[in-house]
$ cat data35.txt   # compact mmCIF, N, CA and C atoms
# COMPACT_ATOMS: atom_id res chain seq x y z
N MET A 22 -2.83 10.69 -12.28
CA MET A 22 -2.42 9.55 -11.47
C MET A 22 -3.09 8.28 -12.00
N THR A 23 -2.34 7.22 -12.09
CA THR A 23 -2.84 5.96 -12.62
C THR A 23 -3.77 5.29 -11.61
N ASN A 24 -4.85 4.74 -12.12
CA ASN A 24 -5.76 3.97 -11.31
C ASN A 24 -5.29 2.51 -11.36
N PHE A 25 -4.43 2.15 -10.40
CA PHE A 25 -3.84 0.81 -10.40
C PHE A 25 -4.89 -0.28 -10.24
N LYS A 26 -5.95 0.01 -9.49
CA LYS A 26 -7.01 -0.99 -9.32
C LYS A 26 -7.63 -1.32 -10.67
N ARG A 27 -7.90 -0.31 -11.48
CA ARG A 27 -8.48 -0.54 -12.80
C ARG A 27 -7.52 -1.33 -13.69
N VAL A 28 -6.24 -1.00 -13.65
CA VAL A 28 -5.24 -1.71 -14.46
C VAL A 28 -5.24 -3.19 -14.11
N VAL A 29 -5.25 -3.49 -12.81
CA VAL A 29 -5.22 -4.89 -12.39
C VAL A 29 -6.54 -5.59 -12.72
N GLU A 30 -7.66 -4.91 -12.57
CA GLU A 30 -8.95 -5.51 -12.96
C GLU A 30 -8.95 -5.85 -14.45
N ASP A 31 -8.44 -4.93 -15.27
CA ASP A 31 -8.36 -5.19 -16.71
C ASP A 31 -7.40 -6.33 -17.02
N TYR A 32 -6.31 -6.41 -16.28
CA TYR A 32 -5.33 -7.48 -16.43
C TYR A 32 -6.00 -8.85 -16.22
N PHE A 33 -6.78 -8.97 -15.14
CA PHE A 33 -7.48 -10.23 -14.90
C PHE A 33 -8.55 -10.48 -15.96
N ALA A 34 -9.22 -9.45 -16.41
CA ALA A 34 -10.22 -9.61 -17.47
C ALA A 34 -9.58 -10.19 -18.73
N ILE A 35 -8.37 -9.74 -19.05
CA ILE A 35 -7.65 -10.26 -20.22
C ILE A 35 -7.37 -11.74 -20.05
N TRP A 36 -6.81 -12.10 -18.91
CA TRP A 36 -6.47 -13.51 -18.68
C TRP A 36 -7.71 -14.41 -18.70
N ASN A 37 -8.85 -13.87 -18.34
CA ASN A 37 -10.07 -14.68 -18.26
C ASN A 37 -10.93 -14.61 -19.51
N GLU A 38 -10.57 -13.78 -20.48
CA GLU A 38 -11.37 -13.63 -21.70
C GLU A 38 -11.01 -14.73 -22.70
N GLU A 39 -11.99 -15.53 -23.05
CA GLU A 39 -11.77 -16.63 -24.00
C GLU A 39 -11.95 -16.22 -25.45
N VAL A 40 -12.70 -15.17 -25.72
CA VAL A 40 -12.98 -14.73 -27.09
C VAL A 40 -11.82 -13.84 -27.55
N SER A 41 -11.13 -14.29 -28.58
CA SER A 41 -9.91 -13.63 -29.04
C SER A 41 -10.11 -12.14 -29.35
N GLU A 42 -11.16 -11.78 -30.06
CA GLU A 42 -11.37 -10.39 -30.45
C GLU A 42 -11.54 -9.49 -29.22
N ARG A 43 -12.30 -9.95 -28.25
CA ARG A 43 -12.49 -9.16 -27.03
C ARG A 43 -11.20 -9.09 -26.22
N ARG A 44 -10.48 -10.21 -26.17
CA ARG A 44 -9.22 -10.23 -25.44
C ARG A 44 -8.22 -9.27 -26.07
N ARG A 45 -8.14 -9.26 -27.39
CA ARG A 45 -7.18 -8.37 -28.08
C ARG A 45 -7.53 -6.90 -27.84
N ALA A 46 -8.81 -6.57 -27.78
CA ALA A 46 -9.22 -5.19 -27.49
C ALA A 46 -8.80 -4.81 -26.07
N LEU A 47 -8.97 -5.71 -25.13
CA LEU A 47 -8.54 -5.45 -23.75
C LEU A 47 -7.02 -5.33 -23.66
N ILE A 48 -6.31 -6.15 -24.40
CA ILE A 48 -4.84 -6.06 -24.41
C ILE A 48 -4.41 -4.69 -24.90
N ALA A 49 -5.00 -4.22 -25.98
CA ALA A 49 -4.63 -2.90 -26.53
C ALA A 49 -4.93 -1.79 -25.53
N LYS A 50 -6.00 -1.93 -24.78
CA LYS A 50 -6.38 -0.93 -23.79
C LYS A 50 -5.44 -0.95 -22.58
N THR A 51 -4.93 -2.13 -22.22
CA THR A 51 -4.26 -2.33 -20.95
C THR A 51 -2.74 -2.42 -21.04
N TRP A 52 -2.21 -2.85 -22.19
CA TRP A 52 -0.76 -3.04 -22.36
C TRP A 52 -0.22 -2.08 -23.43
N THR A 53 0.99 -1.59 -23.23
CA THR A 53 1.66 -0.80 -24.27
C THR A 53 2.00 -1.73 -25.43
N GLU A 54 2.24 -1.15 -26.60
CA GLU A 54 2.54 -1.95 -27.79
C GLU A 54 3.80 -2.81 -27.62
N SER A 55 4.77 -2.31 -26.88
CA SER A 55 6.04 -3.04 -26.71
C SER A 55 6.10 -3.79 -25.37
N ALA A 56 4.97 -4.00 -24.75
CA ALA A 56 4.92 -4.63 -23.43
C ALA A 56 5.50 -6.05 -23.46
N SER A 57 5.89 -6.51 -22.27
CA SER A 57 6.40 -7.88 -22.14
C SER A 57 5.83 -8.52 -20.89
N TYR A 58 5.70 -9.85 -20.97
CA TYR A 58 5.27 -10.67 -19.84
C TYR A 58 6.25 -11.82 -19.71
N LEU A 59 6.62 -12.14 -18.46
CA LEU A 59 7.56 -13.23 -18.22
C LEU A 59 7.23 -13.89 -16.90
N ASP A 60 7.11 -15.22 -16.91
CA ASP A 60 7.02 -15.98 -15.67
C ASP A 60 7.79 -17.28 -15.89
N PRO A 61 7.89 -18.17 -14.89
CA PRO A 61 8.70 -19.37 -15.05
C PRO A 61 8.25 -20.31 -16.18
N MET A 62 7.01 -20.18 -16.65
CA MET A 62 6.51 -21.10 -17.68
C MET A 62 6.13 -20.42 -18.98
N LEU A 63 5.95 -19.10 -18.98
CA LEU A 63 5.44 -18.40 -20.16
C LEU A 63 6.20 -17.11 -20.39
N ASN A 64 6.14 -16.65 -21.64
CA ASN A 64 6.57 -15.29 -21.94
C ASN A 64 5.88 -14.82 -23.20
N GLY A 65 5.71 -13.52 -23.28
CA GLY A 65 5.07 -12.92 -24.44
C GLY A 65 5.58 -11.50 -24.63
N GLU A 66 5.77 -11.13 -25.89
CA GLU A 66 6.26 -9.79 -26.23
C GLU A 66 5.24 -9.12 -27.13
N GLY A 67 4.88 -7.88 -26.81
CA GLY A 67 3.94 -7.12 -27.62
C GLY A 67 2.53 -7.70 -27.53
N HIS A 68 1.60 -7.01 -28.16
CA HIS A 68 0.20 -7.43 -28.10
C HIS A 68 0.00 -8.84 -28.67
N ASP A 69 0.63 -9.14 -29.80
CA ASP A 69 0.45 -10.46 -30.41
C ASP A 69 1.00 -11.57 -29.53
N GLY A 70 2.19 -11.36 -28.97
CA GLY A 70 2.80 -12.38 -28.13
C GLY A 70 2.02 -12.62 -26.85
N ILE A 71 1.51 -11.56 -26.25
CA ILE A 71 0.71 -11.70 -25.03
C ILE A 71 -0.60 -12.42 -25.34
N ASP A 72 -1.22 -12.09 -26.46
CA ASP A 72 -2.46 -12.76 -26.84
C ASP A 72 -2.23 -14.25 -27.10
N ARG A 73 -1.17 -14.59 -27.83
CA ARG A 73 -0.87 -16.01 -28.10
C ARG A 73 -0.62 -16.78 -26.80
N MET A 74 0.10 -16.15 -25.89
CA MET A 74 0.42 -16.79 -24.62
C MET A 74 -0.86 -17.09 -23.84
N ILE A 75 -1.76 -16.12 -23.74
CA ILE A 75 -3.00 -16.31 -22.99
C ILE A 75 -3.90 -17.33 -23.68
N ALA A 76 -3.95 -17.30 -25.01
CA ALA A 76 -4.74 -18.30 -25.75
C ALA A 76 -4.24 -19.70 -25.44
N ALA A 77 -2.92 -19.87 -25.34
CA ALA A 77 -2.35 -21.18 -25.03
C ALA A 77 -2.75 -21.64 -23.62
N VAL A 78 -2.84 -20.72 -22.68
CA VAL A 78 -3.29 -21.07 -21.33
C VAL A 78 -4.74 -21.54 -21.36
N HIS A 79 -5.58 -20.86 -22.15
CA HIS A 79 -6.98 -21.29 -22.27
C HIS A 79 -7.09 -22.67 -22.89
N GLU A 80 -6.22 -22.98 -23.84
CA GLU A 80 -6.25 -24.32 -24.45
C GLU A 80 -5.85 -25.38 -23.44
N LYS A 81 -4.86 -25.08 -22.61
CA LYS A 81 -4.37 -26.06 -21.64
C LYS A 81 -5.31 -26.21 -20.44
N PHE A 82 -5.96 -25.12 -20.05
CA PHE A 82 -6.83 -25.13 -18.87
C PHE A 82 -8.21 -24.58 -19.22
N PRO A 83 -8.99 -25.30 -20.04
CA PRO A 83 -10.30 -24.78 -20.44
C PRO A 83 -11.23 -24.59 -19.24
N GLY A 84 -11.90 -23.45 -19.24
CA GLY A 84 -12.86 -23.15 -18.19
C GLY A 84 -12.26 -22.64 -16.89
N HIS A 85 -10.95 -22.60 -16.78
CA HIS A 85 -10.30 -22.10 -15.58
C HIS A 85 -10.24 -20.57 -15.62
N ARG A 86 -10.13 -19.96 -14.44
CA ARG A 86 -10.09 -18.50 -14.33
C ARG A 86 -9.03 -18.08 -13.32
N PHE A 87 -8.47 -16.92 -13.57
CA PHE A 87 -7.55 -16.31 -12.61
C PHE A 87 -8.35 -15.37 -11.72
N LYS A 88 -8.10 -15.47 -10.43
CA LYS A 88 -8.84 -14.70 -9.44
C LYS A 88 -7.85 -13.94 -8.56
N PRO A 89 -8.09 -12.64 -8.34
CA PRO A 89 -7.17 -11.89 -7.49
C PRO A 89 -7.24 -12.35 -6.04
N LYS A 90 -6.10 -12.24 -5.35
CA LYS A 90 -6.01 -12.55 -3.92
C LYS A 90 -5.38 -11.35 -3.22
N GLY A 91 -6.02 -10.86 -2.20
CA GLY A 91 -5.43 -9.79 -1.40
C GLY A 91 -5.49 -8.44 -2.07
N ASP A 92 -4.70 -7.54 -1.55
CA ASP A 92 -4.69 -6.15 -2.00
C ASP A 92 -3.62 -5.92 -3.07
N ILE A 93 -3.75 -4.80 -3.74
CA ILE A 93 -2.76 -4.36 -4.71
C ILE A 93 -1.80 -3.43 -3.99
N ASP A 94 -0.51 -3.68 -4.13
CA ASP A 94 0.51 -2.78 -3.60
C ASP A 94 1.06 -1.97 -4.75
N SER A 95 1.37 -0.70 -4.49
CA SER A 95 1.96 0.13 -5.55
C SER A 95 2.97 1.09 -4.96
N HIS A 96 3.94 1.42 -5.76
CA HIS A 96 4.95 2.42 -5.42
C HIS A 96 5.44 3.03 -6.72
N ALA A 97 5.26 4.34 -6.85
CA ALA A 97 5.64 5.06 -8.08
C ALA A 97 4.95 4.38 -9.26
N ASP A 98 5.72 3.82 -10.20
CA ASP A 98 5.14 3.18 -11.38
C ASP A 98 5.12 1.66 -11.28
N ARG A 99 5.26 1.11 -10.07
CA ARG A 99 5.34 -0.34 -9.86
C ARG A 99 4.11 -0.83 -9.11
N ILE A 100 3.67 -2.04 -9.47
CA ILE A 100 2.54 -2.66 -8.78
C ILE A 100 2.89 -4.11 -8.46
N ARG A 101 2.23 -4.61 -7.41
CA ARG A 101 2.38 -6.01 -7.01
C ARG A 101 1.00 -6.51 -6.60
N PHE A 102 0.66 -7.70 -7.07
CA PHE A 102 -0.63 -8.28 -6.72
C PHE A 102 -0.54 -9.79 -6.82
N SER A 103 -1.40 -10.47 -6.09
CA SER A 103 -1.39 -11.94 -6.07
C SER A 103 -2.67 -12.48 -6.68
N TRP A 104 -2.62 -13.75 -7.05
CA TRP A 104 -3.72 -14.38 -7.74
C TRP A 104 -3.73 -15.87 -7.44
N GLU A 105 -4.85 -16.50 -7.81
CA GLU A 105 -4.94 -17.95 -7.79
C GLU A 105 -5.72 -18.41 -9.01
N LEU A 106 -5.44 -19.61 -9.45
CA LEU A 106 -6.17 -20.21 -10.56
C LEU A 106 -7.27 -21.08 -9.98
N VAL A 107 -8.49 -20.88 -10.49
CA VAL A 107 -9.63 -21.67 -10.04
C VAL A 107 -10.19 -22.46 -11.22
N GLY A 108 -10.73 -23.63 -10.91
CA GLY A 108 -11.30 -24.48 -11.93
C GLY A 108 -12.69 -24.01 -12.33
N PRO A 109 -13.31 -24.72 -13.28
CA PRO A 109 -14.66 -24.36 -13.72
C PRO A 109 -15.68 -24.35 -12.58
N ASP A 110 -15.38 -25.11 -11.50
CA ASP A 110 -16.29 -25.14 -10.35
C ASP A 110 -16.05 -24.00 -9.38
N GLY A 111 -15.06 -23.13 -9.67
CA GLY A 111 -14.76 -21.99 -8.81
C GLY A 111 -13.83 -22.31 -7.66
N LYS A 112 -13.39 -23.54 -7.55
CA LYS A 112 -12.49 -23.94 -6.47
C LYS A 112 -11.03 -23.84 -6.93
N GLY A 113 -10.17 -23.47 -5.99
CA GLY A 113 -8.75 -23.38 -6.29
C GLY A 113 -8.18 -24.72 -6.73
N VAL A 114 -7.19 -24.68 -7.61
CA VAL A 114 -6.59 -25.91 -8.13
C VAL A 114 -5.14 -26.07 -7.66
N GLY A 115 -4.74 -25.29 -6.66
CA GLY A 115 -3.39 -25.43 -6.12
C GLY A 115 -2.33 -24.67 -6.88
N VAL A 116 -2.75 -23.69 -7.68
CA VAL A 116 -1.80 -22.84 -8.40
C VAL A 116 -2.08 -21.40 -8.00
N ALA A 117 -1.02 -20.71 -7.54
CA ALA A 117 -1.16 -19.32 -7.12
C ALA A 117 0.16 -18.60 -7.37
N GLY A 118 0.10 -17.29 -7.46
CA GLY A 118 1.33 -16.55 -7.71
C GLY A 118 1.22 -15.09 -7.34
N THR A 119 2.34 -14.41 -7.56
CA THR A 119 2.43 -12.98 -7.34
C THR A 119 3.04 -12.36 -8.58
N ASP A 120 2.42 -11.32 -9.08
CA ASP A 120 2.92 -10.63 -10.27
C ASP A 120 3.37 -9.23 -9.91
N PHE A 121 4.45 -8.81 -10.55
CA PHE A 121 5.02 -7.47 -10.37
C PHE A 121 4.94 -6.77 -11.71
N GLY A 122 4.41 -5.56 -11.75
CA GLY A 122 4.25 -4.85 -13.01
C GLY A 122 4.87 -3.48 -12.99
N VAL A 123 5.19 -3.01 -14.20
CA VAL A 123 5.63 -1.64 -14.42
C VAL A 123 4.55 -0.98 -15.26
N VAL A 124 4.06 0.16 -14.78
CA VAL A 124 3.00 0.88 -15.46
C VAL A 124 3.61 2.09 -16.18
N ALA A 125 3.35 2.18 -17.47
CA ALA A 125 3.87 3.29 -18.29
C ALA A 125 3.15 4.59 -17.93
N GLY A 126 3.69 5.69 -18.42
CA GLY A 126 3.12 7.00 -18.16
C GLY A 126 1.69 7.17 -18.63
N ASP A 127 1.29 6.39 -19.63
CA ASP A 127 -0.09 6.50 -20.13
C ASP A 127 -1.07 5.62 -19.35
N GLY A 128 -0.58 4.96 -18.28
CA GLY A 128 -1.44 4.15 -17.44
C GLY A 128 -1.59 2.71 -17.88
N ARG A 129 -0.89 2.32 -18.94
CA ARG A 129 -0.95 0.93 -19.40
C ARG A 129 0.26 0.16 -18.89
N LEU A 130 0.13 -1.16 -18.86
CA LEU A 130 1.23 -2.00 -18.42
C LEU A 130 2.35 -2.02 -19.46
N ALA A 131 3.57 -1.83 -18.99
CA ALA A 131 4.75 -1.92 -19.86
C ALA A 131 5.42 -3.28 -19.70
N ALA A 132 5.33 -3.86 -18.50
CA ALA A 132 5.95 -5.16 -18.24
C ALA A 132 5.32 -5.79 -17.02
N VAL A 133 5.24 -7.10 -17.04
CA VAL A 133 4.82 -7.87 -15.88
C VAL A 133 5.74 -9.06 -15.76
N THR A 134 6.21 -9.30 -14.53
CA THR A 134 6.99 -10.49 -14.21
C THR A 134 6.20 -11.25 -13.16
N GLY A 135 5.94 -12.52 -13.45
CA GLY A 135 5.14 -13.34 -12.55
C GLY A 135 5.99 -14.38 -11.84
N PHE A 136 5.63 -14.67 -10.61
CA PHE A 136 6.29 -15.70 -9.82
C PHE A 136 5.22 -16.66 -9.30
N LEU A 137 5.53 -17.95 -9.32
CA LEU A 137 4.60 -18.96 -8.79
C LEU A 137 4.86 -19.12 -7.31
N ASP A 138 3.83 -18.90 -6.51
CA ASP A 138 3.92 -19.08 -5.07
C ASP A 138 3.51 -20.50 -4.69
N GLN A 139 2.68 -21.11 -5.53
CA GLN A 139 2.17 -22.45 -5.25
C GLN A 139 1.89 -23.12 -6.58
N ALA A 140 2.35 -24.36 -6.73
CA ALA A 140 2.07 -25.13 -7.93
C ALA A 140 2.22 -26.61 -7.59
N PRO A 141 1.41 -27.46 -8.20
CA PRO A 141 1.54 -28.90 -7.93
C PRO A 141 2.95 -29.37 -8.26
N GLY A 142 3.51 -30.14 -7.35
CA GLY A 142 4.84 -30.70 -7.56
C GLY A 142 5.98 -29.73 -7.30
N ALA A 143 5.65 -28.48 -6.90
CA ALA A 143 6.73 -27.51 -6.66
C ALA A 143 7.28 -27.63 -5.26

$ encode --input "data35.txt" --output "structure tokens"
Amino acid sequence: MTNFKRVVEDYFAIWNEEVSERRRALIAKTWTESASYLDPMLNGEGHDGIDRMIAAVHEKFPGHRFKPKGDIDSHADRIRFSWELVGPDGKGVGVAGTDFGVVAGDGRLAAVTGFLDQAPGA
């Protein structure tokens, strides 16, 4: 049985890791080789695409971190969890969302689709 809590913890660790080599190791551990990520502003395919996408977020929002909100919901191979973006001071910056994932048989993420629940100007 997949430990969904661990998968989501690793997912946040990836988004918050600024050092490329460490982030790529976490991606390989947490995502399948053919994994995909899609939200209204970003998309990435495979380990390289996901790494490039996250690196671009770090460039745009230096020092910011993604923080989980609430509980993880799961059903069969599907997970749902919410998050917020916090600034270097640890305070929310008005950006939050909910992500839906598909977990492969080996316990790694096969796909994640993200939705923005809150964003400036939305």

$ closest_residue --input "data35.txt" --among "A:Phe136, A:Trp36, A:Phe102, A:Trp52" --to "Ala76 of chain A" --atoms "only N, CA and C atoms"
A:Trp36

$ atom_distance --input "data35.txt" --atom1 "atom C of Gly67 of chain A" --atom2 "atom N of Thr134 of chain A"
13.6 Å

$ closest_residue --input "data35.txt" --among "A:Ala140, A:Val114, A:Ile48, A:Ala125" --to "Glu66 of chain A" --atoms "only C-alpha atoms"
A:Ile48

$ select_by_dssp --input "data35.txt" --residues "chain A" --states "helix (DSSP H, G or I)" --output "PyMOL selection string"
chain A and resi 25-37+41-51+67-81

$ write_last_selection --input "data35.txt" --atoms "N, CA and C atoms" --output "short mmCIF file (atom, residue, chain, number, x, y, z; two decimals), in the coordinates of the input"
data_model
loop_
_atom_site.label_atom_id
_atom_site.label_comp_id
_atom_site.auth_asym_id
_atom_site.auth_seq_id
_atom_site.Cartn_x
_atom_site.Cartn_y
_atom_site.Cartn_z
N PHE A 25 -4.43 2.15 -10.40
CA PHE A 25 -3.84 0.81 -10.40
C PHE A 25 -4.89 -0.28 -10.24
N LYS A 26 -5.95 0.01 -9.49
CA LYS A 26 -7.01 -0.99 -9.32
C LYS A 26 -7.63 -1.32 -10.67
N ARG A 27 -7.90 -0.31 -11.48
CA ARG A 27 -8.48 -0.54 -12.80
C ARG A 27 -7.52 -1.33 -13.69
N VAL A 28 -6.24 -1.00 -13.65
CA VAL A 28 -5.24 -1.71 -14.46
C VAL A 28 -5.24 -3.19 -14.11
N VAL A 29 -5.25 -3.49 -12.81
CA VAL A 29 -5.22 -4.89 -12.39
C VAL A 29 -6.54 -5.59 -12.72
N GLU A 30 -7.66 -4.91 -12.57
CA GLU A 30 -8.95 -5.51 -12.96
C GLU A 30 -8.95 -5.85 -14.45
N ASP A 31 -8.44 -4.93 -15.27
CA ASP A 31 -8.36 -5.19 -16.71
C ASP A 31 -7.40 -6.33 -17.02
N TYR A 32 -6.31 -6.41 -16.28
CA TYR A 32 -5.33 -7.48 -16.43
C TYR A 32 -6.00 -8.85 -16.22
N PHE A 33 -6.78 -8.97 -15.14
CA PHE A 33 -7.48 -10.23 -14.90
C PHE A 33 -8.55 -10.48 -15.96
N ALA A 34 -9.22 -9.45 -16.41
CA ALA A 34 -10.22 -9.61 -17.47
C ALA A 34 -9.58 -10.19 -18.73
N ILE A 35 -8.37 -9.74 -19.05
CA ILE A 35 -7.65 -10.26 -20.22
C ILE A 35 -7.37 -11.74 -20.05
N TRP A 36 -6.81 -12.10 -18.91
CA TRP A 36 -6.47 -13.51 -18.68
C TRP A 36 -7.71 -14.41 -18.70
N ASN A 37 -8.85 -13.87 -18.34
CA ASN A 37 -10.07 -14.68 -18.26
C ASN A 37 -10.93 -14.61 -19.51
N SER A 41 -11.13 -14.29 -28.58
CA SER A 41 -9.91 -13.63 -29.04
C SER A 41 -10.11 -12.14 -29.35
N GLU A 42 -11.16 -11.78 -30.06
CA GLU A 42 -11.37 -10.39 -30.45
C GLU A 42 -11.54 -9.49 -29.22
N ARG A 43 -12.30 -9.95 -28.25
CA ARG A 43 -12.49 -9.16 -27.03
C ARG A 43 -11.20 -9.09 -26.22
N ARG A 44 -10.48 -10.21 -26.17
CA ARG A 44 -9.22 -10.23 -25.44
C ARG A 44 -8.22 -9.27 -26.07
N ARG A 45 -8.14 -9.26 -27.39
CA ARG A 45 -7.18 -8.37 -28.08
C ARG A 45 -7.53 -6.90 -27.84
N ALA A 46 -8.81 -6.57 -27.78
CA ALA A 46 -9.22 -5.19 -27.49
C ALA A 46 -8.80 -4.81 -26.07
N LEU A 47 -8.97 -5.71 -25.13
CA LEU A 47 -8.54 -5.45 -23.75
C LEU A 47 -7.02 -5.33 -23.66
N ILE A 48 -6.31 -6.15 -24.40
CA ILE A 48 -4.84 -6.06 -24.41
C ILE A 48 -4.41 -4.69 -24.90
N ALA A 49 -5.00 -4.22 -25.98
CA ALA A 49 -4.63 -2.90 -26.53
C ALA A 49 -4.93 -1.79 -25.53
N LYS A 50 -6.00 -1.93 -24.78
CA LYS A 50 -6.38 -0.93 -23.79
C LYS A 50 -5.44 -0.95 -22.58
N THR A 51 -4.93 -2.13 -22.22
CA THR A 51 -4.26 -2.33 -20.95
C THR A 51 -2.74 -2.42 -21.04
N GLY A 67 4.88 -7.88 -26.81
CA GLY A 67 3.94 -7.12 -27.62
C GLY A 67 2.53 -7.70 -27.53
N HIS A 68 1.60 -7.01 -28.16
CA HIS A 68 0.20 -7.43 -28.10
C HIS A 68 0.00 -8.84 -28.67
N ASP A 69 0.63 -9.14 -29.80
CA ASP A 69 0.45 -10.46 -30.41
C ASP A 69 1.00 -11.57 -29.53
N GLY A 70 2.19 -11.36 -28.97
CA GLY A 70 2.80 -12.38 -28.13
C GLY A 70 2.02 -12.62 -26.85
N ILE A 71 1.51 -11.56 -26.25
CA ILE A 71 0.71 -11.70 -25.03
C ILE A 71 -0.60 -12.42 -25.34
N ASP A 72 -1.22 -12.09 -26.46
CA ASP A 72 -2.46 -12.76 -26.84
C ASP A 72 -2.23 -14.25 -27.10
N ARG A 73 -1.17 -14.59 -27.83
CA ARG A 73 -0.87 -16.01 -28.10
C ARG A 73 -0.62 -16.78 -26.80
N MET A 74 0.10 -16.15 -25.89
CA MET A 74 0.42 -16.79 -24.62
C MET A 74 -0.86 -17.09 -23.84
N ILE A 75 -1.76 -16.12 -23.74
CA ILE A 75 -3.00 -16.31 -22.99
C ILE A 75 -3.90 -17.33 -23.68
N ALA A 76 -3.95 -17.30 -25.01
CA ALA A 76 -4.74 -18.30 -25.75
C ALA A 76 -4.24 -19.70 -25.44
N ALA A 77 -2.92 -19.87 -25.34
CA ALA A 77 -2.35 -21.18 -25.03
C ALA A 77 -2.75 -21.64 -23.62
N VAL A 78 -2.84 -20.72 -22.68
CA VAL A 78 -3.29 -21.07 -21.33
C VAL A 78 -4.74 -21.54 -21.36
N HIS A 79 -5.58 -20.86 -22.15
CA HIS A 79 -6.98 -21.29 -22.27
C HIS A 79 -7.09 -22.67 -22.89
N GLU A 80 -6.22 -22.98 -23.84
CA GLU A 80 -6.25 -24.32 -24.45
C GLU A 80 -5.85 -25.38 -23.44
N LYS A 81 -4.86 -25.08 -22.61
CA LYS A 81 -4.37 -26.06 -21.64
C LYS A 81 -5.31 -26.21 -20.44
#

$ atom_distance --input "data35.txt" --atom1 "atom CA of Gly91 of chain A" --atom2 "atom CA of Gly111 of chain A"
17.1 Å

$ residues_near_point --input "data35.txt" --point "(-12.8, -26.6, -12.0)" --cutoff "10 Å" --atoms "only C-alpha atoms" --output "PDB file with N, CA and C atoms, in the coordinates of the input"
ATOM      1  N   PHE A  82      -5.960 -25.120 -20.050  1.00  0.00           N
ATOM      2  CA  PHE A  82      -6.830 -25.130 -18.870  1.00  0.00           C
ATOM      3  C   PHE A  82      -8.210 -24.580 -19.220  1.00  0.00           C
ATOM      4  N   PRO A  83      -8.990 -25.300 -20.040  1.00  0.00           N
ATOM      5  CA  PRO A  83     -10.300 -24.780 -20.440  1.00  0.00           C
ATOM      6  C   PRO A  83     -11.230 -24.590 -19.240  1.00  0.00           C
ATOM      7  N   GLY A  84     -11.900 -23.450 -19.240  1.00  0.00           N
ATOM      8  CA  GLY A  84     -12.860 -23.150 -18.190  1.00  0.00           C
ATOM      9  C   GLY A  84     -12.260 -22.640 -16.890  1.00  0.00           C
ATOM     10  N   HIS A  85     -10.950 -22.600 -16.780  1.00  0.00           N
ATOM     11  CA  HIS A  85     -10.300 -22.100 -15.580  1.00  0.00           C
ATOM     12  C   HIS A  85     -10.240 -20.570 -15.620  1.00  0.00           C
ATOM     13  N   ARG A  86     -10.130 -19.960 -14.440  1.00  0.00           N
ATOM     14  CA  ARG A  86     -10.090 -18.500 -14.330  1.00  0.00           C
ATOM     15  C   ARG A  86      -9.030 -18.080 -13.320  1.00  0.00           C
ATOM     16  N   LEU A 106      -5.440 -19.610  -9.450  1.00  0.00           N
ATOM     17  CA  LEU A 106      -6.170 -20.210 -10.560  1.00  0.00           C
ATOM     18  C   LEU A 106      -7.270 -21.080  -9.980  1.00  0.00           C
ATOM     19  N   VAL A 107      -8.490 -20.880 -10.490  1.00  0.00           N
ATOM     20  CA  VAL A 107      -9.630 -21.670 -10.040  1.00  0.00           C
ATOM     21  C   VAL A 107     -10.190 -22.460 -11.220  1.00  0.00           C
ATOM     22  N   GLY A 108     -10.730 -23.630 -10.910  1.00  0.00           N
ATOM     23  CA  GLY A 108     -11.300 -24.480 -11.930  1.00  0.00           C
ATOM     24  C   GLY A 108     -12.690 -24.010 -12.330  1.00  0.00           C
ATOM     25  N   PRO A 109     -13.310 -24.720 -13.280  1.00  0.00           N
ATOM     26  CA  PRO A 109     -14.660 -24.360 -13.720  1.00  0.00           C
ATOM     27  C   PRO A 109     -15.680 -24.350 -12.580  1.00  0.00           C
ATOM     28  N   ASP A 110     -15.380 -25.110 -11.500  1.00  0.00           N
ATOM     29  CA  ASP A 110     -16.290 -25.140 -10.350  1.00  0.00           C
ATOM     30  C   ASP A 110     -16.050 -24.000  -9.380  1.00  0.00           C
ATOM     31  N   GLY A 111     -15.060 -23.130  -9.670  1.00  0.00           N
ATOM     32  CA  GLY A 111     -14.760 -21.990  -8.810  1.00  0.00           C
ATOM     33  C   GLY A 111     -13.830 -22.310  -7.660  1.00  0.00           C
ATOM     34  N   LYS A 112     -13.390 -23.540  -7.550  1.00  0.00           N
ATOM     35  CA  LYS A 112     -12.490 -23.940  -6.470  1.00  0.00           C
ATOM     36  C   LYS A 112     -11.030 -23.840  -6.930  1.00  0.00           C
ATOM     37  N   GLY A 113     -10.170 -23.470  -5.990  1.00  0.00           N
ATOM     38  CA  GLY A 113      -8.750 -23.380  -6.290  1.00  0.00           C
ATOM     39  C   GLY A 113      -8.180 -24.720  -6.730  1.00  0.00           C
ATOM     40  N   VAL A 114      -7.190 -24.680  -7.610  1.00  0.00           N
ATOM     41  CA  VAL A 114      -6.590 -25.910  -8.130  1.00  0.00           C
ATOM     42  C   VAL A 114      -5.140 -26.070  -7.660  1.00  0.00           C
TER      43      VAL A 114
END

$ residues_around --input "data35.txt" --residues "Ser103 of chain A" --least-positions-apart "6" --cutoff "7 Å" --atoms "only N, CA and C atoms" --output "MDAnalysis selection string"
chainID A and resid 88:93 117:120

$ closest_residue --input "data35.txt" --among "A:Val116, A:Met74, A:Glu80, A:Ala56" --to "Ala132 of chain A" --atoms "all atoms listed in the file"
A:Ala56

$ closest_residue --input "data35.txt" --among "A:Val123, A:Leu47, A:Ala131, A:Met62" --to "Glu30 of chain A" --atoms "only C-alpha atoms"
A:Leu47

$ atom_distance --input "data35.txt" --atom1 "atom N of Ile100 of chain A" --atom2 "atom N of Gly142 of chain A"
28.2 Å

$ closest_residue --input "data35.txt" --among "A:Asn37, A:Leu130, A:Thr51, A:Val28" --to "Val78 of chain A" --atoms "only C-alpha atoms"
A:Asn37
